[in-house]
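Chemist: Next up, entry19.tsv (TSV, C-alpha atoms).
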```tsv
chain	number	residue	atom	x	y	z
T	51	MET	CA	0.00	0.00	0.00
T	52	PRO	CA	1.55	3.38	-0.95
T	53	ARG	CA	2.28	5.66	2.00
T	54	ASP	CA	1.20	9.30	1.98
T	55	ALA	CA	4.05	11.72	1.27
T	56	ALA	CA	4.49	15.35	0.28
T	57	THR	CA	7.06	17.37	-1.63
T	58	LEU	CA	7.73	21.09	-1.93
T	59	VAL	CA	8.95	22.71	-5.15
T	60	LEU	CA	10.45	26.12	-4.36
T	61	THR	CA	11.00	28.62	-7.19
T	62	ARG	CA	12.53	32.05	-7.60
T	63	VAL	CA	13.66	34.38	-10.39
T	64	ARG	CA	17.26	35.61	-10.64
T	65	LYS	CA	18.40	37.95	-13.42
T	66	GLY	CA	15.21	37.20	-15.31
T	67	GLU	CA	15.72	33.43	-15.16
T	68	ALA	CA	13.53	30.97	-13.25
T	69	GLU	CA	15.34	28.83	-10.68
T	70	VAL	CA	14.21	25.84	-8.63
T	71	LEU	CA	15.58	24.41	-5.37
T	72	MET	CA	16.80	20.82	-5.70
T	73	GLY	CA	18.98	18.42	-3.78
T	74	ARG	CA	20.94	15.28	-4.63
T	75	ARG	CA	20.18	12.25	-2.51
T	76	ALA	CA	23.20	10.64	-0.87
T	77	PRO	CA	24.60	7.55	-2.67
T	78	GLY	CA	23.87	5.20	0.25
T	79	HIS	CA	20.08	5.63	0.14
T	80	VAL	CA	17.93	2.63	-0.75
T	81	PHE	CA	15.37	4.89	-2.45
T	82	MET	CA	16.51	7.05	-5.41
T	83	ALA	CA	20.20	7.05	-4.44
T	84	SER	CA	22.26	9.83	-6.11
T	85	LYS	CA	19.19	11.25	-7.88
T	86	TRP	CA	18.34	14.96	-7.89
T	87	VAL	CA	14.97	15.57	-6.25
T	88	PHE	CA	12.82	18.16	-4.52
T	89	PRO	CA	12.79	18.10	-0.71
T	90	GLY	CA	10.01	15.94	0.70
T	91	GLY	CA	9.10	12.77	2.54
T	92	ARG	CA	6.39	10.71	4.18
T	93	ILE	CA	3.72	12.05	6.49
T	94	ASP	CA	4.37	12.07	10.26
T	95	ARG	CA	1.85	11.88	13.10
T	96	SER	CA	2.95	15.32	14.33
T	97	ASP	CA	1.89	16.85	10.99
T	98	PHE	CA	-1.77	16.27	11.89
T	99	THR	CA	-1.68	18.31	15.10
T	100	ALA	CA	1.03	20.95	14.64
T	101	ALA	CA	-0.16	24.56	14.36
T	102	ALA	CA	0.21	26.68	11.24
T	103	ALA	CA	0.27	30.45	10.76
T	104	SER	CA	-2.23	30.21	7.89
T	105	ALA	CA	-4.45	27.75	6.06
T	106	LEU	CA	-4.09	26.37	2.56
T	107	PRO	CA	-5.72	28.54	-0.14
T	108	ALA	CA	-9.38	27.54	-0.54
T	109	ALA	CA	-9.01	26.26	-4.12
T	110	ASP	CA	-6.02	24.06	-3.23
T	111	LEU	CA	-7.74	22.72	-0.12
T	112	ALA	CA	-10.79	21.88	-2.23
T	113	ARG	CA	-8.63	19.86	-4.66
T	114	LEU	CA	-6.98	17.94	-1.83
T	115	THR	CA	-10.22	17.21	-0.02
T	116	ARG	CA	-11.54	15.43	-3.12
T	117	GLU	CA	-8.89	12.82	-2.27
T	118	VAL	CA	-8.54	12.89	1.53
T	119	PRO	CA	-10.32	14.30	4.62
T	120	VAL	CA	-9.57	17.91	5.64
T	121	ARG	CA	-7.37	16.82	8.53
T	122	ARG	CA	-5.13	14.74	6.25
T	123	ALA	CA	-5.06	17.51	3.63
T	124	HIS	CA	-3.69	19.88	6.29
T	125	ALA	CA	-1.16	17.24	7.40
T	126	LEU	CA	0.12	16.73	3.84
T	127	ALA	CA	0.77	20.45	3.44
T	128	MET	CA	2.54	20.48	6.80
T	129	THR	CA	4.64	17.48	5.72
T	130	ALA	CA	5.92	19.37	2.68
T	131	VAL	CA	6.97	22.34	4.84
T	132	ARG	CA	8.51	20.22	7.61
T	133	GLU	CA	10.48	17.96	5.28
T	134	THR	CA	11.83	20.97	3.40
T	135	PHE	CA	13.02	22.50	6.66
T	136	GLU	CA	14.60	19.25	7.85
T	137	GLU	CA	16.40	18.57	4.57
T	138	THR	CA	17.44	22.09	3.57
T	139	GLY	CA	17.09	24.38	6.59
T	140	LEU	CA	14.62	26.59	4.70
T	141	LEU	CA	11.49	27.74	6.53
T	142	LEU	CA	8.35	28.45	4.57
T	143	ALA	CA	6.90	30.27	7.54
T	144	ALA	CA	5.48	33.44	9.01
T	145	PRO	CA	6.45	35.06	12.33
T	146	ALA	CA	4.55	33.72	15.35
T	147	PRO	CA	4.92	33.78	19.14
T	148	ALA	CA	7.58	31.38	20.39
T	149	ALA	CA	6.45	28.47	22.56
T	150	SER	CA	7.75	25.12	23.76
T	151	VAL	CA	6.51	22.32	21.50
T	152	ALA	CA	7.68	18.71	21.43
T	153	GLY	CA	8.56	16.78	18.28
T	154	PRO	CA	9.89	17.88	14.89
T	155	TRP	CA	8.10	21.27	15.04
T	156	ARG	CA	10.03	22.54	18.07
T	157	GLU	CA	12.59	24.31	15.87
T	158	PHE	CA	9.88	26.34	14.12
T	159	ARG	CA	8.40	27.66	17.35
T	160	ALA	CA	11.85	28.27	18.85
T	161	LEU	CA	12.60	30.49	15.86
T	162	GLY	CA	9.36	32.38	16.38
T	163	ALA	CA	7.66	31.09	13.24
T	164	LEU	CA	4.89	28.79	12.09
T	165	PRO	CA	4.30	27.18	8.65
T	166	ASP	CA	2.75	29.56	6.11
T	167	LEU	CA	0.42	27.19	4.26
T	168	ALA	CA	-1.23	30.08	2.40
T	169	ALA	CA	1.94	30.32	0.28
T	170	LEU	CA	1.45	26.79	-1.11
T	171	SER	CA	-0.17	25.65	-4.34
T	172	TYR	CA	-1.12	22.00	-4.86
T	173	VAL	CA	0.27	21.20	-8.32
T	174	ALA	CA	0.56	17.42	-8.88
T	175	ARG	CA	-0.06	13.95	-7.46
T	176	ALA	CA	1.82	10.75	-8.27
T	177	ILE	CA	1.72	7.17	-6.99
T	178	THR	CA	4.90	5.08	-7.19
T	179	PRO	CA	4.36	2.14	-9.60
T	180	PRO	CA	3.83	-1.37	-8.14
T	181	GLY	CA	6.91	-3.50	-7.59
T	182	ARG	CA	9.17	-0.72	-6.32
T	183	THR	CA	11.12	-1.07	-3.05
T	184	ARG	CA	9.12	1.77	-1.51
T	185	ARG	CA	5.83	3.18	-2.73
T	186	PHE	CA	4.37	6.60	-2.01
T	187	ASP	CA	1.19	8.48	-2.80
T	188	ALA	CA	2.96	11.81	-3.19
T	189	ARG	CA	1.43	15.26	-3.38
T	190	PHE	CA	3.58	18.00	-4.90
T	191	PHE	CA	3.23	21.56	-3.65
T	192	MET	CA	4.82	24.69	-5.11
T	193	ALA	CA	5.77	28.02	-3.51
T	194	GLY	CA	7.81	31.11	-4.33
T	195	ALA	CA	11.01	31.89	-2.46
T	196	GLU	CA	9.53	35.19	-1.26
T	197	ALA	CA	7.59	33.18	1.34
T	198	LEU	CA	10.81	31.86	2.93
T	199	LEU	CA	12.16	33.46	6.10
T	200	HIS	CA	15.64	33.35	4.50
T	201	PRO	CA	16.50	32.38	0.91
T	202	GLU	CA	19.62	30.19	1.13
T	203	PRO	CA	19.67	26.51	2.13
T	204	THR	CA	21.92	24.95	4.78
T	205	ALA	CA	23.26	21.40	5.02
T	206	GLY	CA	19.98	20.26	6.58
T	207	SER	CA	19.74	16.72	7.93
T	208	GLY	CA	22.34	15.28	5.56
T	209	GLU	CA	19.80	13.30	3.54
T	210	LEU	CA	20.71	15.48	0.56
T	211	ASP	CA	24.47	15.67	-0.05
T	212	GLU	CA	24.17	18.73	-2.30
T	213	ILE	CA	21.48	21.43	-2.23
T	214	ALA	CA	21.28	24.32	-4.67
T	215	TRP	CA	19.12	26.81	-6.52
T	216	LEU	CA	19.40	25.70	-10.15
T	217	PRO	CA	18.26	27.38	-13.37
T	218	LEU	CA	15.06	25.61	-14.36
T	219	ALA	CA	16.29	25.37	-17.96
T	220	ASP	CA	19.39	23.41	-16.82
T	221	THR	CA	17.67	20.82	-14.62
T	222	ARG	CA	16.85	18.46	-17.49
T	223	ALA	CA	20.55	17.56	-17.76
T	224	LEU	CA	20.60	16.18	-14.19
T	225	ASP	CA	20.18	12.56	-13.12
T	226	LEU	CA	16.45	12.76	-12.33
T	227	PRO	CA	13.72	10.28	-11.37
T	228	ALA	CA	11.06	10.13	-14.08
T	229	ILE	CA	8.42	11.77	-11.90
T	230	THR	CA	10.77	14.63	-10.97
T	231	ARG	CA	11.39	15.26	-14.66
T	232	PHE	CA	7.64	15.31	-15.27
T	233	VAL	CA	6.98	17.72	-12.40
T	234	LEU	CA	9.74	20.06	-13.58
T	235	GLY	CA	7.90	20.36	-16.88
T	236	GLU	CA	4.70	21.06	-14.98
T	237	VAL	CA	6.44	23.74	-12.91
T	238	ALA	CA	7.75	25.46	-16.04
T	239	GLU	CA	4.19	25.61	-17.40
T	240	ARG	CA	2.69	26.82	-14.12
T	241	LEU	CA	5.03	29.79	-13.88
T	242	THR	CA	3.01	31.32	-16.73
T	243	ARG	CA	-0.26	29.36	-16.33
T	244	PRO	CA	-0.86	28.82	-12.60
T	245	ASP	CA	-4.47	27.76	-13.21
T	246	ARG	CA	-3.52	24.61	-15.14
T	247	PRO	CA	-5.46	21.42	-14.29
T	248	LEU	CA	-3.73	19.25	-11.70
T	249	PRO	CA	-2.07	16.08	-13.10
T	250	PHE	CA	-2.43	12.71	-11.34
T	251	VAL	CA	0.24	10.22	-12.45
T	252	ARG	CA	-0.13	6.49	-11.73
T	253	MET	CA	0.23	3.03	-13.23
T	254	VAL	CA	-2.97	1.30	-14.37
T	255	ARG	CA	-2.81	-2.20	-15.92
T	256	ASP	CA	0.93	-1.85	-16.58
T	257	ARG	CA	0.47	1.47	-18.36
T	258	HIS	CA	1.29	4.96	-17.12
T	259	LEU	CA	-1.83	7.06	-16.89
T	260	ILE	CA	-1.96	10.84	-16.49
T	261	GLU	CA	-5.33	12.28	-15.55
T	262	HIS	CA	-5.92	16.03	-15.27
T	263	GLN	CA	-8.28	17.45	-12.67
T	264	ASP	CA	-9.59	21.02	-12.48
```
Step by step, read the file and then write its structure as structure tokens.

Modeler:
Amino acid sequence: MPRDAATLVLTRVRKGEAEVLMGRRAPGHVFMASKWVFPGGRIDRSDFTAAAASALPAADLARLTREVPVRRAHALAMTAVRETFEETGLLLAAPAPAASVAGPWREFRALGALPDLAALSYVARAITPPGRTRRFDARFFMAGAEALLHPEPTAGSGELDEIAWLPLADTRALDLPAITRFVLGEVAERLTRPDRPLPFVRMVRDRHLIEHQD
């Protein structure tokens, strides 16, 4: 059974050129070793209960709640923000009163910030094909770098051995998983057409199927 996961695609413009934040997974990983990916990972129990500074935009929440209950939709958005912070040190967050909170969200509150879910757009969904070592039902979110509390990544947790802002036009030359390559194309389109239908990528009867949902 695929496990719920979420990914965050961060974008910015430098000298008139679109850039995207990506990281290369360390060679020792069982899943997608040495591949360039967006930060992300599987849902955690804390993602269901942790506070946020804002809610998902209504249209994006409506798309997610066609697939999952509201509580899980919120948790998936929180997963994308948390995993990005853990892997890159970047906070998609808004200032908030500091407080003592247990679990993986303690660092956010200690820094006086809470996740800014209003900055997210839900842009794609993909289920890992059957037969893979690990399978995920992944939701891809997108946000602009202007929503970050600071724009440059750190070493993060070490899961990614290289992290960088890369020109979007150059990413196709990287060693990419197929779904990452597909989502990069979707991101390029959404920078000029943000209202595009949402693609859902999965394997049906040994064939890749892409459905688009408004």

Chemist: Determine, using only C-alpha atoms, which residues of range 81-154 of chain T have any atom at most 10 Å from an atom of range 209-231 of chain T, and tabulate each with its shortest atom pair and distance in Å to one decimal place, rows ordered by chain and then rising number, as a tab-separated table.

Modeler:
```
residue	atom	partner	partner_atom	distance
T:Met82	CA	T:Pro227	CA	7.3
T:Ala83	CA	T:Leu210	CA	9.8
T:Ser84	CA	T:Asp225	CA	7.8
T:Lys85	CA	T:Leu226	CA	5.4
T:Trp86	CA	T:Leu226	CA	5.3
T:Val87	CA	T:Thr230	CA	6.4
T:Phe88	CA	T:Thr230	CA	7.6
T:Pro89	CA	T:Leu210	CA	8.4
T:Glu136	CA	T:Glu209	CA	9.0
T:Glu137	CA	T:Glu209	CA	6.4
T:Thr138	CA	T:Ile213	CA	7.1
```

Chemist: Using only C-alpha atoms, pick whichever of T:Leu106, T:Thr99, T:Ala193, T:Leu126 has the shortest atom-to-atom distance to Leu71 in chain T.

Modeler: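 So, comparing all the options, the nearest one is T:Ala193.
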
Chemist: Select, from T:Arg156, T:Arg62, T:Arg92, T:Arg113, the residue with the minimum atom-to-atom distance to Gln263 in chain T, counting only C-alpha atoms.

Modeler: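 Of the candidates, the smallest distance to Gln263 in chain T is held by T:Arg113.
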
Chemist: Using all atoms listed in the file, which of the listed residues (T:Leu58, T:Arg64, T:Thr178, T:Val254) sits closest to Leu234 in chain T?

Modeler: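 Smallest distance to Leu234 in chain T is found for T:Leu58.
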
Chemist: Could you tell me how far CA of Ile93 in chain T lies from CA of Asp54 in chain T, in Å and to one decimal?

Modeler: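 Between CA of Ile93 in chain T and CA of Asp54 in chain T the gap works out to 5.9 Å.
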
Chemist: Give as number ranges by chain each residue that has an atom at most 12 Å from (17.1, 32.2, -2.7) in the file, counting all atoms listed in the file.

Modeler: T: 60-64, 68-72, 138, 140-142, 194-204, 213-217

Chemist: Within 10 Å of Phe186 in chain T, counting only C-alpha atoms, which residues qualify if same-chain residues fewer than 4 places away don't, as a ChimeraX atom specification?

Modeler: /T:51-56,91-92,176-179,182

Chemist: Within 10 Å of Pro249 in chain T, counting all atoms listed in the file, which residues qualify if same-chain residues fewer than 6 places away don't, as a ChimeraX atom specification?

Modeler: /T:173-176,232-233,236,259-264

Chemist: Between T:Gly90, T:Pro145, T:Val251, T:Ala109, which has the minimum distance to Gly73 in chain T (counting all atoms listed in the file)?

Modeler: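 Looking only at the distances to Gly73 in chain T, the closest residue turns out to be T:Gly90.
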
Chemist: Do you know which residues lie at most 8 Å from (2.0, 28.1, 13.1), with coordinates as in the file and all atoms listed in the file counted, and could you write them as a list in words?

Modeler: Ala100, Ala101, Ala102, Ala103, Ser104, Ala143, Ala144, Ala146, Arg159, Ala163, Leu164, Pro165 and Asp166 of chain T

Chemist: Interatomic distance between CA of Val237 in chain T and CA of Arg255 in chain T?

Modeler: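 Spanning CA of Val237 in chain T to CA of Arg255 in chain T is a straight-line distance of 27.7 Å.
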
Chemist: How many Å lie between CA of Ser171 in chain T and CA of Pro147 in chain T, rounded to one decimal?

Modeler: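 Going from CA of Ser171 in chain T over to CA of Pro147 in chain T, I get 25.4 Å.
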
Chemist: Which residues come within 12 Å of Phe98 in chain T, counting only C-alpha atoms, excluding same-chain residues fewer than 2 positions away, as an MDAnalysis selection string?

Modeler: chainID T and resid 93:96 100:102 119:129 132 155

Chemist: Nearest to Arg257 in chain T: which of T:Pro107, T:Gly139, T:Pro180, T:Gly66 is it, counting only C-alpha atoms?

Modeler: T:Pro180

Chemist: Just checking: using all atoms listed in the file, which residue out of T:Arg252, T:Gly162, T:Ala238, T:Asp245 ends up closest to Ala188 in chain T?

Modeler: T:Arg252

Chemist: Give me the box for range 167-173 of chain T as AutoDock Vina command-line options, namely the centre and edge lengths in Å to one decimal of a box along x, y and z that holds every listed atom plus 5 Å on each side.

Modeler:
```
--center_x 0.4 --center_y 25.8 --center_z -2.0 --size_x 13.2 --size_y 19.1 --size_z 22.6
```
